[in-house]
file structure_6.cif (mmCIF, C-alpha atoms and all ligand atoms; chains and numbers go by the auth columns)
data_structure
#
loop_
_atom_site.group_PDB
_atom_site.id
_atom_site.type_symbol
_atom_site.label_atom_id
_atom_site.label_comp_id
_atom_site.label_asym_id
_atom_site.label_seq_id
_atom_site.Cartn_x
_atom_site.Cartn_y
_atom_site.Cartn_z
_atom_site.B_iso_or_equiv
_atom_site.auth_seq_id
_atom_site.auth_asym_id
ATOM 1 C CA MET A 1 128.792 75.489 138.430 0.00 30 A
ATOM 2 C CA LYS A 2 127.803 73.102 141.192 0.00 31 A
ATOM 3 C CA ILE A 3 124.154 72.058 141.225 0.00 32 A
ATOM 4 C CA ILE A 4 122.802 71.348 144.688 0.00 33 A
ATOM 5 C CA ARG A 5 119.389 69.874 145.427 0.00 34 A
ATOM 6 C CA THR A 6 119.371 69.036 149.140 0.00 35 A
ATOM 7 C CA THR A 7 119.737 71.204 152.238 0.00 36 A
ATOM 8 C CA GLU A 8 122.399 68.796 153.578 0.00 37 A
ATOM 9 C CA ASP A 9 124.524 69.221 150.426 0.00 38 A
ATOM 10 C CA LEU A 10 124.069 72.982 150.545 0.00 39 A
ATOM 11 C CA ARG A 11 125.266 73.162 154.153 0.00 40 A
ATOM 12 C CA ALA A 12 128.271 70.940 153.318 0.00 41 A
ATOM 13 C CA TYR A 13 129.110 73.100 150.274 0.00 42 A
ATOM 14 C CA ARG A 14 128.856 76.293 152.341 0.00 43 A
ATOM 15 C CA THR A 15 131.191 74.869 155.003 0.00 44 A
ATOM 16 C CA SER A 16 133.738 74.055 152.297 0.00 45 A
ATOM 17 C CA LEU A 17 133.869 77.656 151.014 0.00 46 A
ATOM 18 C CA ASP A 18 136.612 80.079 151.921 0.00 47 A
ATOM 19 C CA GLY A 19 136.025 83.766 151.156 0.00 48 A
ATOM 20 C CA ALA A 20 133.045 86.072 150.771 0.00 49 A
ATOM 21 C CA VAL A 21 129.720 84.751 149.491 0.00 50 A
ATOM 22 C CA GLY A 22 127.020 86.700 147.625 0.00 51 A
ATOM 23 C CA PHE A 23 123.535 85.216 147.302 0.00 52 A
ATOM 24 C CA VAL A 24 120.788 85.832 144.733 0.00 53 A
ATOM 25 C CA PRO A 25 117.488 84.055 145.508 0.00 54 A
ATOM 26 C CA THR A 26 115.158 83.707 142.497 0.00 55 A
ATOM 27 C CA MET A 27 112.111 81.833 141.262 0.00 56 A
ATOM 28 C CA GLY A 28 113.748 81.192 137.878 0.00 57 A
ATOM 29 C CA ALA A 29 112.560 82.346 134.415 0.00 58 A
ATOM 30 C CA LEU A 30 115.689 84.481 134.592 0.00 59 A
ATOM 31 C CA HIS A 31 115.951 87.817 132.762 0.00 60 A
ATOM 32 C CA ALA A 32 118.195 90.884 132.611 0.00 61 A
ATOM 33 C CA GLY A 33 116.992 91.976 136.073 0.00 62 A
ATOM 34 C CA HIS A 34 118.375 88.758 137.597 0.00 63 A
ATOM 35 C CA ARG A 35 121.531 89.179 135.537 0.00 64 A
ATOM 36 C CA ALA A 36 122.072 92.607 137.176 0.00 65 A
ATOM 37 C CA LEU A 37 121.690 91.067 140.647 0.00 66 A
ATOM 38 C CA ILE A 38 124.194 88.321 139.819 0.00 67 A
ATOM 39 C CA GLU A 39 126.655 90.795 138.292 0.00 68 A
ATOM 40 C CA ALA A 40 126.426 92.986 141.419 0.00 69 A
ATOM 41 C CA ALA A 41 127.219 89.908 143.517 0.00 70 A
ATOM 42 C CA LYS A 42 130.021 88.738 141.179 0.00 71 A
ATOM 43 C CA ALA A 43 131.720 92.148 141.374 0.00 72 A
ATOM 44 C CA ARG A 44 132.010 91.943 145.160 0.00 73 A
ATOM 45 C CA HIS A 45 132.217 88.337 146.266 0.00 74 A
ATOM 46 C CA GLN A 46 134.486 85.438 145.569 0.00 75 A
ATOM 47 C CA HIS A 47 131.578 82.994 145.445 0.00 76 A
ATOM 48 C CA VAL A 48 128.054 83.590 144.148 0.00 77 A
ATOM 49 C CA VAL A 49 125.221 81.243 145.060 0.00 78 A
ATOM 50 C CA VAL A 50 121.888 81.476 143.193 0.00 79 A
ATOM 51 C CA SER A 51 118.715 79.641 144.178 0.00 80 A
ATOM 52 C CA ILE A 52 115.801 78.801 141.927 0.00 81 A
ATOM 53 C CA PHE A 53 112.692 77.828 143.865 0.00 82 A
ATOM 54 C CA VAL A 54 109.116 78.590 142.848 0.00 83 A
ATOM 55 C CA ASN A 55 107.833 79.048 146.373 0.00 84 A
ATOM 56 C CA PRO A 56 104.256 77.729 146.693 0.00 85 A
ATOM 57 C CA MET A 57 103.670 79.567 149.984 0.00 86 A
ATOM 58 C CA GLN A 58 103.870 83.030 148.419 0.00 87 A
ATOM 59 C CA PHE A 59 101.227 82.383 145.723 0.00 88 A
ATOM 60 C CA ASN A 60 97.778 83.300 146.944 0.00 89 A
ATOM 61 C CA GLU A 61 96.149 81.927 143.785 0.00 90 A
ATOM 62 C CA ALA A 62 96.619 78.347 142.543 0.00 91 A
ATOM 63 C CA LYS A 63 96.254 79.487 138.924 0.00 92 A
ATOM 64 C CA ASP A 64 99.149 81.949 139.319 0.00 93 A
ATOM 65 C CA LEU A 65 101.422 79.231 140.742 0.00 94 A
ATOM 66 C CA GLU A 66 100.412 76.818 137.965 0.00 95 A
ATOM 67 C CA GLY A 67 101.080 79.408 135.234 0.00 96 A
ATOM 68 C CA TYR A 68 104.359 80.701 136.660 0.00 97 A
ATOM 69 C CA PRO A 69 106.959 80.416 133.862 0.00 98 A
ATOM 70 C CA ARG A 70 109.561 77.671 134.331 0.00 99 A
ATOM 71 C CA THR A 71 112.630 77.695 132.073 0.00 100 A
ATOM 72 C CA GLU A 72 115.102 75.524 133.966 0.00 101 A
ATOM 73 C CA THR A 73 117.365 74.540 131.075 0.00 102 A
ATOM 74 C CA GLU A 74 117.841 78.115 129.785 0.00 103 A
ATOM 75 C CA ASP A 75 118.264 79.350 133.361 0.00 104 A
ATOM 76 C CA GLN A 76 121.058 76.868 134.036 0.00 105 A
ATOM 77 C CA GLN A 77 122.817 77.836 130.793 0.00 106 A
ATOM 78 C CA LEU A 78 122.654 81.533 131.663 0.00 107 A
ATOM 79 C CA LEU A 79 123.962 80.981 135.206 0.00 108 A
ATOM 80 C CA GLN A 80 126.834 78.916 133.817 0.00 109 A
ATOM 81 C CA THR A 81 127.735 81.747 131.416 0.00 110 A
ATOM 82 C CA LEU A 82 127.620 84.294 134.229 0.00 111 A
ATOM 83 C CA GLY A 83 130.162 82.309 136.247 0.00 112 A
ATOM 84 C CA VAL A 84 127.889 81.485 139.198 0.00 113 A
ATOM 85 C CA SER A 85 129.602 79.178 141.698 0.00 114 A
ATOM 86 C CA ALA A 86 126.578 77.133 142.789 0.00 115 A
ATOM 87 C CA LEU A 87 122.897 76.782 141.957 0.00 116 A
ATOM 88 C CA PHE A 88 120.539 75.586 144.685 0.00 117 A
ATOM 89 C CA LEU A 89 117.528 73.876 143.091 0.00 118 A
ATOM 90 C CA PRO A 90 115.570 72.228 145.901 0.00 119 A
ATOM 91 C CA PRO A 91 112.331 70.268 145.523 0.00 120 A
ATOM 92 C CA VAL A 92 109.384 71.648 147.570 0.00 121 A
ATOM 93 C CA MET A 93 109.791 68.919 150.231 0.00 122 A
ATOM 94 C CA ALA A 94 113.354 70.031 150.947 0.00 123 A
ATOM 95 C CA LEU A 95 112.234 73.485 152.096 0.00 124 A
ATOM 96 C CA TYR A 96 108.803 72.522 153.416 0.00 125 A
ATOM 97 C CA PRO A 97 109.153 69.087 154.966 0.00 126 A
ATOM 98 C CA LYS A 98 105.862 67.422 155.862 0.00 127 A
ATOM 99 C CA GLY A 99 104.436 68.796 159.077 0.00 128 A
ATOM 100 C CA ASP A 100 106.417 72.037 158.924 0.00 129 A
ATOM 101 C CA HIS A 101 104.133 74.724 160.332 0.00 130 A
ATOM 102 C CA TYR A 102 106.578 77.481 161.185 0.00 131 A
ATOM 103 C CA VAL A 103 106.139 80.782 159.352 0.00 132 A
ATOM 104 C CA VAL A 104 107.455 84.347 159.526 0.00 133 A
ATOM 105 C CA ASP A 105 104.900 87.150 159.811 0.00 134 A
ATOM 106 C CA GLU A 106 105.491 90.886 159.720 0.00 135 A
ATOM 107 C CA LEU A 107 102.594 92.803 161.220 0.00 136 A
ATOM 108 C CA LEU A 108 102.857 96.339 159.866 0.00 137 A
ATOM 109 C CA LEU A 109 104.413 97.080 156.457 0.00 138 A
ATOM 110 C CA SER A 110 103.241 93.732 155.040 0.00 139 A
ATOM 111 C CA GLN A 111 99.595 94.740 155.517 0.00 140 A
ATOM 112 C CA ASP A 112 99.397 97.463 152.872 0.00 141 A
ATOM 113 C CA ARG A 113 100.089 97.790 149.110 0.00 142 A
ATOM 114 C CA CYS A 114 100.825 94.285 147.720 0.00 143 A
ATOM 115 C CA GLY A 115 100.163 92.776 151.157 0.00 144 A
ATOM 116 C CA ALA A 116 96.580 94.082 151.117 0.00 145 A
ATOM 117 C CA ALA A 117 95.997 92.896 147.543 0.00 146 A
ATOM 118 C CA ARG A 118 97.633 89.478 148.056 0.00 147 A
ATOM 119 C CA PRO A 119 96.848 88.142 151.551 0.00 148 A
ATOM 120 C CA GLY A 120 99.536 85.752 152.800 0.00 149 A
ATOM 121 C CA HIS A 121 101.998 86.665 150.034 0.00 150 A
ATOM 122 C CA PHE A 122 104.618 88.277 152.252 0.00 151 A
ATOM 123 C CA ARG A 123 104.313 85.542 154.883 0.00 152 A
ATOM 124 C CA GLY A 124 105.368 83.138 152.107 0.00 153 A
ATOM 125 C CA VAL A 125 108.191 85.389 150.918 0.00 154 A
ATOM 126 C CA LEU A 126 109.632 86.029 154.388 0.00 155 A
ATOM 127 C CA THR A 127 109.344 82.386 155.415 0.00 156 A
ATOM 128 C CA VAL A 128 111.190 81.040 152.379 0.00 157 A
ATOM 129 C CA VAL A 129 113.804 83.815 152.387 0.00 158 A
ATOM 130 C CA LEU A 130 114.612 83.189 156.064 0.00 159 A
ATOM 131 C CA LYS A 131 115.080 79.482 155.296 0.00 160 A
ATOM 132 C CA LEU A 132 117.335 80.282 152.323 0.00 161 A
ATOM 133 C CA LEU A 133 119.375 82.893 154.206 0.00 162 A
ATOM 134 C CA ASN A 134 119.933 80.480 157.090 0.00 163 A
ATOM 135 C CA LEU A 135 121.095 77.770 154.706 0.00 164 A
ATOM 136 C CA VAL A 136 123.343 79.887 152.477 0.00 165 A
ATOM 137 C CA GLN A 137 124.869 82.062 155.249 0.00 166 A
ATOM 138 C CA ALA A 138 125.958 84.639 152.656 0.00 167 A
ATOM 139 C CA ASP A 139 127.710 87.893 153.451 0.00 168 A
ATOM 140 C CA VAL A 140 125.270 89.838 151.264 0.00 169 A
ATOM 141 C CA ALA A 141 121.971 88.866 149.567 0.00 170 A
ATOM 142 C CA TYR A 142 120.695 90.912 146.607 0.00 171 A
ATOM 143 C CA PHE A 143 117.105 91.851 145.737 0.00 172 A
ATOM 144 C CA GLY A 144 115.651 93.908 142.873 0.00 173 A
ATOM 145 C CA GLU A 145 114.026 97.296 143.495 0.00 174 A
ATOM 146 C CA LYS A 146 111.010 96.486 141.307 0.00 175 A
ATOM 147 C CA ASP A 147 109.740 94.472 144.280 0.00 176 A
ATOM 148 C CA TYR A 148 110.548 97.319 146.642 0.00 177 A
ATOM 149 C CA GLN A 149 108.108 96.349 149.411 0.00 178 A
ATOM 150 C CA GLN A 150 109.600 92.848 149.363 0.00 179 A
ATOM 151 C CA PHE A 151 113.106 94.310 149.661 0.00 180 A
ATOM 152 C CA GLU A 152 112.072 96.538 152.606 0.00 181 A
ATOM 153 C CA LEU A 153 110.408 93.635 154.403 0.00 182 A
ATOM 154 C CA ILE A 154 113.386 91.306 153.938 0.00 183 A
ATOM 155 C CA GLN A 155 115.809 93.991 155.071 0.00 184 A
ATOM 156 C CA GLY A 156 113.576 94.656 158.096 0.00 185 A
ATOM 157 C CA MET A 157 113.452 90.936 158.909 0.00 186 A
ATOM 158 C CA ALA A 158 117.249 90.637 158.705 0.00 187 A
ATOM 159 C CA THR A 159 117.608 93.518 161.203 0.00 188 A
ATOM 160 C CA ALA A 160 114.805 92.398 163.526 0.00 189 A
ATOM 161 C CA LEU A 161 115.985 88.779 163.692 0.00 190 A
ATOM 162 C CA PHE A 162 119.725 89.608 163.851 0.00 191 A
ATOM 163 C CA LEU A 163 120.584 87.661 160.698 0.00 192 A
ATOM 164 C CA ASN A 164 124.215 87.420 159.599 0.00 193 A
ATOM 165 C CA THR A 165 123.498 88.420 155.992 0.00 194 A
ATOM 166 C CA ARG A 166 123.349 92.040 154.817 0.00 195 A
ATOM 167 C CA ILE A 167 120.417 92.771 152.487 0.00 196 A
ATOM 168 C CA GLU A 168 121.072 95.062 149.519 0.00 197 A
ATOM 169 C CA SER A 169 118.952 96.271 146.615 0.00 198 A
ATOM 170 C CA VAL A 170 119.812 96.675 142.931 0.00 199 A
ATOM 171 C CA PRO A 171 117.979 99.202 140.682 0.00 200 A
ATOM 172 C CA THR A 172 115.199 97.946 138.409 0.00 201 A
ATOM 173 C CA VAL A 173 116.263 96.900 134.913 0.00 202 A
ATOM 174 C CA ARG A 174 113.847 98.008 132.180 0.00 203 A
ATOM 175 C CA GLU A 175 113.019 97.038 128.608 0.00 204 A
ATOM 176 C CA ALA A 176 113.756 99.719 125.966 0.00 205 A
ATOM 177 C CA ASP A 177 110.183 101.067 126.320 0.00 206 A
ATOM 178 C CA GLY A 178 110.438 101.336 130.115 0.00 207 A
ATOM 179 C CA LEU A 179 108.621 98.158 131.197 0.00 208 A
ATOM 180 C CA ALA A 180 110.282 96.756 134.323 0.00 209 A
ATOM 181 C CA MET A 181 111.807 93.325 133.701 0.00 210 A
ATOM 182 C CA SER A 182 109.711 90.588 135.312 0.00 211 A
ATOM 183 C CA SER A 183 109.328 86.855 134.802 0.00 212 A
ATOM 184 C CA ARG A 184 105.577 87.440 134.497 0.00 213 A
ATOM 185 C CA ASN A 185 106.083 89.599 131.354 0.00 214 A
ATOM 186 C CA ARG A 186 106.465 86.341 129.395 0.00 215 A
ATOM 187 C CA ARG A 187 102.766 85.679 129.960 0.00 216 A
ATOM 188 C CA LEU A 188 101.620 88.953 128.326 0.00 217 A
ATOM 189 C CA SER A 189 99.907 88.788 124.918 0.00 218 A
ATOM 190 C CA LYS A 190 101.045 91.280 122.248 0.00 219 A
ATOM 191 C CA SER A 191 98.298 93.792 123.087 0.00 220 A
ATOM 192 C CA GLN A 192 98.794 93.339 126.846 0.00 221 A
ATOM 193 C CA ARG A 193 102.523 93.902 126.346 0.00 222 A
ATOM 194 C CA ARG A 194 101.791 97.225 124.567 0.00 223 A
ATOM 195 C CA LEU A 195 99.534 98.289 127.430 0.00 224 A
ATOM 196 C CA ALA A 196 102.063 97.138 130.062 0.00 225 A
ATOM 197 C CA ALA A 197 104.612 99.638 128.711 0.00 226 A
ATOM 198 C CA LYS A 198 102.337 102.472 129.902 0.00 227 A
ATOM 199 C CA LEU A 199 102.674 101.613 133.601 0.00 228 A
ATOM 200 C CA TYR A 200 106.104 103.219 133.998 0.00 229 A
ATOM 201 C CA PRO A 201 105.352 106.593 132.294 0.00 230 A
ATOM 202 C CA CYS A 202 101.981 106.891 134.083 0.00 231 A
ATOM 203 C CA LEU A 203 103.744 106.530 137.457 0.00 232 A
ATOM 204 C CA LEU A 204 106.677 108.727 136.475 0.00 233 A
ATOM 205 C CA ASP A 205 104.994 111.613 134.668 0.00 234 A
ATOM 206 C CA SER A 206 101.824 112.135 136.744 0.00 235 A
ATOM 207 C CA GLU A 207 101.641 115.142 139.062 0.00 236 A
ATOM 208 C CA SER A 208 100.051 113.184 141.918 0.00 237 A
ATOM 209 C CA ASP A 209 98.974 109.678 142.940 0.00 238 A
ATOM 210 C CA ASP A 210 95.397 110.550 141.985 0.00 239 A
ATOM 211 C CA ALA A 211 96.498 111.727 138.539 0.00 240 A
ATOM 212 C CA ALA A 212 98.528 108.521 138.074 0.00 241 A
ATOM 213 C CA ARG A 213 95.519 106.397 139.083 0.00 242 A
ATOM 214 C CA THR A 214 93.341 108.228 136.532 0.00 243 A
ATOM 215 C CA ALA A 215 95.966 107.948 133.776 0.00 244 A
ATOM 216 C CA LEU A 216 96.345 104.195 134.421 0.00 245 A
ATOM 217 C CA SER A 217 92.570 103.602 134.340 0.00 246 A
ATOM 218 C CA HIS A 218 92.257 105.616 131.114 0.00 247 A
ATOM 219 C CA ALA A 219 95.086 103.597 129.574 0.00 248 A
ATOM 220 C CA GLY A 220 93.063 100.414 130.216 0.00 249 A
ATOM 221 C CA PHE A 221 94.489 98.924 133.438 0.00 250 A
ATOM 222 C CA ALA A 222 92.532 97.739 136.459 0.00 251 A
ATOM 223 C CA VAL A 223 94.328 99.643 139.212 0.00 252 A
ATOM 224 C CA ASP A 224 95.080 97.865 142.515 0.00 253 A
ATOM 225 C CA TYR A 225 96.834 100.842 144.102 0.00 254 A
ATOM 226 C CA VAL A 226 98.963 103.919 143.522 0.00 255 A
ATOM 227 C CA THR A 227 100.630 105.389 146.568 0.00 256 A
ATOM 228 C CA SER A 228 103.736 107.391 147.450 0.00 257 A
ATOM 229 C CA ALA A 229 106.143 107.040 150.353 0.00 258 A
ATOM 230 C CA LYS A 230 109.792 107.824 151.075 0.00 259 A
ATOM 231 C CA GLY A 231 110.386 109.549 147.738 0.00 260 A
ATOM 232 C CA ARG A 232 108.923 106.776 145.604 0.00 261 A
ATOM 233 C CA ARG A 233 105.593 106.289 143.854 0.00 262 A
ATOM 234 C CA PHE A 234 104.383 102.674 143.878 0.00 263 A
ATOM 235 C CA GLY A 235 101.776 101.191 141.572 0.00 264 A
ATOM 236 C CA ALA A 236 100.130 97.819 140.992 0.00 265 A
ATOM 237 C CA VAL A 237 97.782 97.094 138.103 0.00 266 A
ATOM 238 C CA ARG A 238 96.140 94.121 136.448 0.00 267 A
ATOM 239 C CA VAL A 239 95.748 93.341 132.750 0.00 268 A
ATOM 240 C CA GLY A 240 93.527 90.680 131.198 0.00 269 A
ATOM 241 C CA ALA A 241 90.473 89.011 132.681 0.00 270 A
ATOM 242 C CA ALA A 242 90.258 86.670 135.687 0.00 271 A
ATOM 243 C CA PRO A 243 91.328 83.911 136.115 0.00 272 A
ATOM 244 C CA ASP A 244 94.135 84.621 133.608 0.00 273 A
ATOM 245 C CA GLU A 245 94.805 88.212 134.576 0.00 274 A
ATOM 246 C CA ILE A 246 98.407 89.298 135.050 0.00 275 A
ATOM 247 C CA ARG A 247 99.438 91.619 137.849 0.00 276 A
ATOM 248 C CA LEU A 248 102.224 94.120 137.218 0.00 277 A
ATOM 249 C CA ILE A 249 103.980 96.266 139.798 0.00 278 A
ATOM 250 C CA ASP A 250 106.515 99.036 139.513 0.00 279 A
ATOM 251 C CA ASN A 251 107.855 102.029 141.411 0.00 280 A
ATOM 252 C CA VAL A 252 109.666 105.224 140.472 0.00 281 A
ATOM 253 C CA ARG A 253 111.594 107.892 142.332 0.00 282 A
ATOM 254 C CA ILE A 254 109.665 111.148 142.680 0.00 283 A
ATOM 255 C CA ASN A 255 110.536 114.527 144.164 0.00 284 A
ATOM 256 C CA ALA A 256 108.684 114.235 147.480 0.00 285 A
HETATM 257 O O1 LIG B . 111.465 87.943 144.137 0.00 301 B
HETATM 258 C C1 LIG B . 111.418 86.696 144.039 0.00 301 B
HETATM 259 O O2 LIG B . 111.783 86.106 143.024 0.00 301 B
HETATM 260 C C2 LIG B . 110.879 85.883 145.205 0.00 301 B
HETATM 261 O O3 LIG B . 109.877 86.563 145.875 0.00 301 B
HETATM 262 C C3 LIG B . 111.990 85.417 146.183 0.00 301 B
HETATM 263 C C4 LIG B . 112.651 86.603 146.862 0.00 301 B
HETATM 264 C C5 LIG B . 113.023 84.592 145.446 0.00 301 B
HETATM 265 C C6 LIG B . 111.366 84.545 147.286 0.00 301 B
HETATM 266 O O4 LIG B . 110.729 83.434 146.756 0.00 301 B
#

call {"tool": "encode", "arguments": {"input": "structure_6.cif", "output": "structure tokens", "more": "lines below"}}
Ligand code: PAF
result
Amino acid sequence: MKIIRTTEDLRAYRTSLDGAVGFVPTMGALHAGHRALIEAAKARHQHVVVSIFVNPMQFNEAKDLEGYPRTETEDQQLLQTLGVSALFLPPVMALYPKGDHYVVDELLLSQDRCGAARPGHFRGVLTVVLKLLNLVQADVAYFGEKDYQQFELIQGMATALFLNTRIESVPTVREADGLAMSSRNRRLSKSQRRLAAKLYPCLLDSESDDAARTALSHAGFAVDYVTSAKGRRFGAVRVGAAPDEIRLIDNVRINA
């Protein structure tokens, strides 16, 4: 596996490749959800490029950025085992050179759900993903369905800005008790982890959004939102107390 740290080296590597390229952008602290994205890419493309970049622009709270899990050595070992062709590991300055003040904003879908709860979050996501997609020039880039609003926004951006890369989603991977895999799960205490497992059944088994909201509050979550659209019910909750609270999101298919 080739490890690349500069945008110049990434462009040179990309030019040297012959054949289809799949791309999996990540922020590291890799888990089975990332593994599923990489396996989807491996099954269809000759080359698979993965990036690990904890993107400061998408964190609306300094404490969250500071506490974001970083497991670079284990991540590199896993990617090696999975047969990834190249890992892009840029420093912040490589993607945000001094004086860079260009951003990508979406003005509609990014305003509700997680966008309303985390102002500026999707601006950060879209900006970094556009940079990465332009550098990697993959045939297909893969995103997990747990972050469904993120997936929809990135797919919308790729269409609106005529990008060369197709954006595809991969179903959420869950722990045995139903909790959606997430890098943030590592930060949960034992009791928070037990509570976290209730998010999925509350979304799945409730008769309505209102009933899901009530069930989540009774279980002990602070509820950011529960809402349904396009055959899915989306929920975001918080566990723990500020400033160390942990935000969890999930979504399930429902019969609309
Ligand atoms: O889902 C993530 O890990 C991040 O939001 C992404 C897409 C890698 C952009 O930083």

call {"tool": "residues_around", "arguments": {"input": "structure_6.cif", "residues": "Ile33 in chain A", "least_positions_apart": "3", "cutoff": "10 Å", "atoms": "only C-alpha atoms", "output": "compact mmCIF listing (two decimals) with C-alpha atoms, in the frame of the given file"}}
result
# COMPACT_ATOMS: atom_id res chain seq x y z
CA MET A 30 128.79 75.49 138.43
CA THR A 36 119.74 71.20 152.24
CA GLU A 37 122.40 68.80 153.58
CA ASP A 38 124.52 69.22 150.43
CA LEU A 39 124.07 72.98 150.54
CA ARG A 40 125.27 73.16 154.15
CA TYR A 42 129.11 73.10 150.27
CA SER A 80 118.72 79.64 144.18
CA ALA A 115 126.58 77.13 142.79
CA LEU A 116 122.90 76.78 141.96
CA PHE A 117 120.54 75.59 144.68
CA LEU A 118 117.53 73.88 143.09
CA PRO A 119 115.57 72.23 145.90

call {"tool": "closest_residue", "arguments": {"input": "structure_6.cif", "among": "A:Val121, A:Ala145, A:Ala244, A:Val169", "to": "Thr35 in chain A", "atoms": "only C-alpha atoms"}}
result
A:Val121

call {"tool": "resolve_selection", "arguments": {"input": "structure_6.cif", "expression": "the PyMOL selection byres (((not hetatm)) within 6 of (chain B and resi 301))", "output": "PyMOL selection string"}}
result
chain A and resi 54-56+84+154+158

call {"tool": "atom_distance", "arguments": {"input": "structure_6.cif", "atom1": "CA of Tyr125 in chain A", "atom2": "CA of Gly96 in chain A"}}
result
20.9 Å

call {"tool": "atom_distance", "arguments": {"input": "structure_6.cif", "atom1": "CA of Leu228 in chain A", "atom2": "CA of Pro200 in chain A"}}
result
17.0 Å

call {"tool": "residues_around", "arguments": {"input": "structure_6.cif", "residues": "Asn280 in chain A", "least_positions_apart": "4", "cutoff": "10 Å", "atoms": "all atoms listed in the file", "output": "ChimeraX atom specification"}}
result
/A:174-178,201,209,228-229,232-233,255-257,261-265

call {"tool": "atom_distance", "arguments": {"input": "structure_6.cif", "atom1": "CA of Leu217 in chain A", "atom2": "CA of Gln109 in chain A"}}
result
27.7 Å

call {"tool": "closest_residue", "arguments": {"input": "structure_6.cif", "among": "A:Pro148, A:Gly185, A:Gly249, A:Pro126", "to": "Ser220 in chain A", "atoms": "all atoms listed in the file"}}
result
A:Gly249

call {"tool": "resolve_selection", "arguments": {"input": "structure_6.cif", "expression": "the PyMOL selection byres (((chain A and resi 197) around 6) and not hetatm)", "output": "list in words"}}
result
Tyr171, Ile196 and Ser198 of chain A

call {"tool": "closest_residue", "arguments": {"input": "structure_6.cif", "among": "A:Arg215, A:Leu182, A:Gln221, A:Val83", "to": "Leu137 in chain A", "atoms": "all atoms listed in the file"}}
result
A:Leu182

call {"tool": "residues_around", "arguments": {"input": "structure_6.cif", "residues": "Leu107 in chain A", "least_positions_apart": "6", "cutoff": "12 Å", "atoms": "all atoms listed in the file", "output": "PyMOL selection string"}}
result
chain A and resi 30+57-61+63-64+67+79+100-101+113+116

call {"tool": "closest_residue", "arguments": {"input": "structure_6.cif", "among": "A:Ile275, A:Leu224, A:Val165, A:Leu136", "to": "Ser246 in chain A", "atoms": "only C-alpha atoms"}}
result
A:Leu224

call {"tool": "axis_aligned_box", "arguments": {"input": "structure_6.cif", "around": "range 71-83 of chain A", "padding_each_side": "4 Å", "output": "lines of an AutoDock Vina configuration file"}}
result
center_x = 121.8
center_y = 85.0
center_z = 143.7
size_x = 33.4
size_y = 22.3
size_z = 13.1

call {"tool": "resolve_selection", "arguments": {"input": "structure_6.cif", "expression": "the PyMOL selection byres (((chain A and resi 274) around 12) and not hetatm)", "output": "ChimeraX atom specification"}}
result
/A:90,92-93,96,213-214,216-218,221,250-251,266-273,275-277

call {"tool": "closest_residue", "arguments": {"input": "structure_6.cif", "among": "A:Met86, A:Ala49, A:Val132, A:Ile278", "to": "Ser211 in chain A", "atoms": "all atoms listed in the file"}}
result
A:Ile278

call {"tool": "closest_residue", "arguments": {"input": "structure_6.cif", "among": "A:Val77, A:Gln87, A:Arg282, A:Ser235", "to": "Leu108 in chain A", "atoms": "only C-alpha atoms"}}
result
A:Val77

call {"tool": "residues_around", "arguments": {"input": "structure_6.cif", "residues": "Gln179 in chain A", "least_positions_apart": "6", "cutoff": "10 Å", "atoms": "only C-alpha atoms", "output": "PyMOL selection string"}}
result
chain A and resi 138-139+143-144+150-151+154-155+172-173+185

call {"tool": "decode", "arguments": {"input": "structure_6.cif", "residues": "range 193-200 of chain A", "atoms": "N, CA, C and O atoms", "output": "compact mmCIF listing (two decimals), in the first residue's frame"}}
result
# COMPACT_ATOMS: atom_id res chain seq x y z
N ASN A 193 -16.77 14.29 -12.14
CA ASN A 193 -16.54 13.07 -12.92
C ASN A 193 -16.80 11.80 -12.12
O ASN A 193 -16.84 10.72 -12.68
N THR A 194 -16.91 11.92 -10.81
CA THR A 194 -17.01 10.74 -9.94
C THR A 194 -18.48 10.44 -9.62
O THR A 194 -19.22 11.35 -9.24
N ARG A 195 -18.86 9.17 -9.74
CA ARG A 195 -20.21 8.76 -9.32
C ARG A 195 -20.20 8.53 -7.81
O ARG A 195 -19.24 7.98 -7.27
N ILE A 196 -21.30 8.94 -7.15
CA ILE A 196 -21.36 8.82 -5.69
C ILE A 196 -22.33 7.69 -5.36
O ILE A 196 -23.49 7.72 -5.79
N GLU A 197 -21.86 6.70 -4.59
CA GLU A 197 -22.73 5.58 -4.24
C GLU A 197 -22.75 5.38 -2.72
O GLU A 197 -21.79 5.71 -2.03
N SER A 198 -23.85 4.79 -2.25
CA SER A 198 -23.97 4.55 -0.80
C SER A 198 -23.88 3.06 -0.51
O SER A 198 -24.20 2.22 -1.36
N VAL A 199 -23.49 2.74 0.71
CA VAL A 199 -23.38 1.36 1.19
C VAL A 199 -24.19 1.27 2.49
O VAL A 199 -24.09 2.18 3.33
N PRO A 200 -25.03 0.22 2.64
CA PRO A 200 -25.88 0.13 3.84
C PRO A 200 -25.08 0.19 5.15
O PRO A 200 -23.92 -0.24 5.21
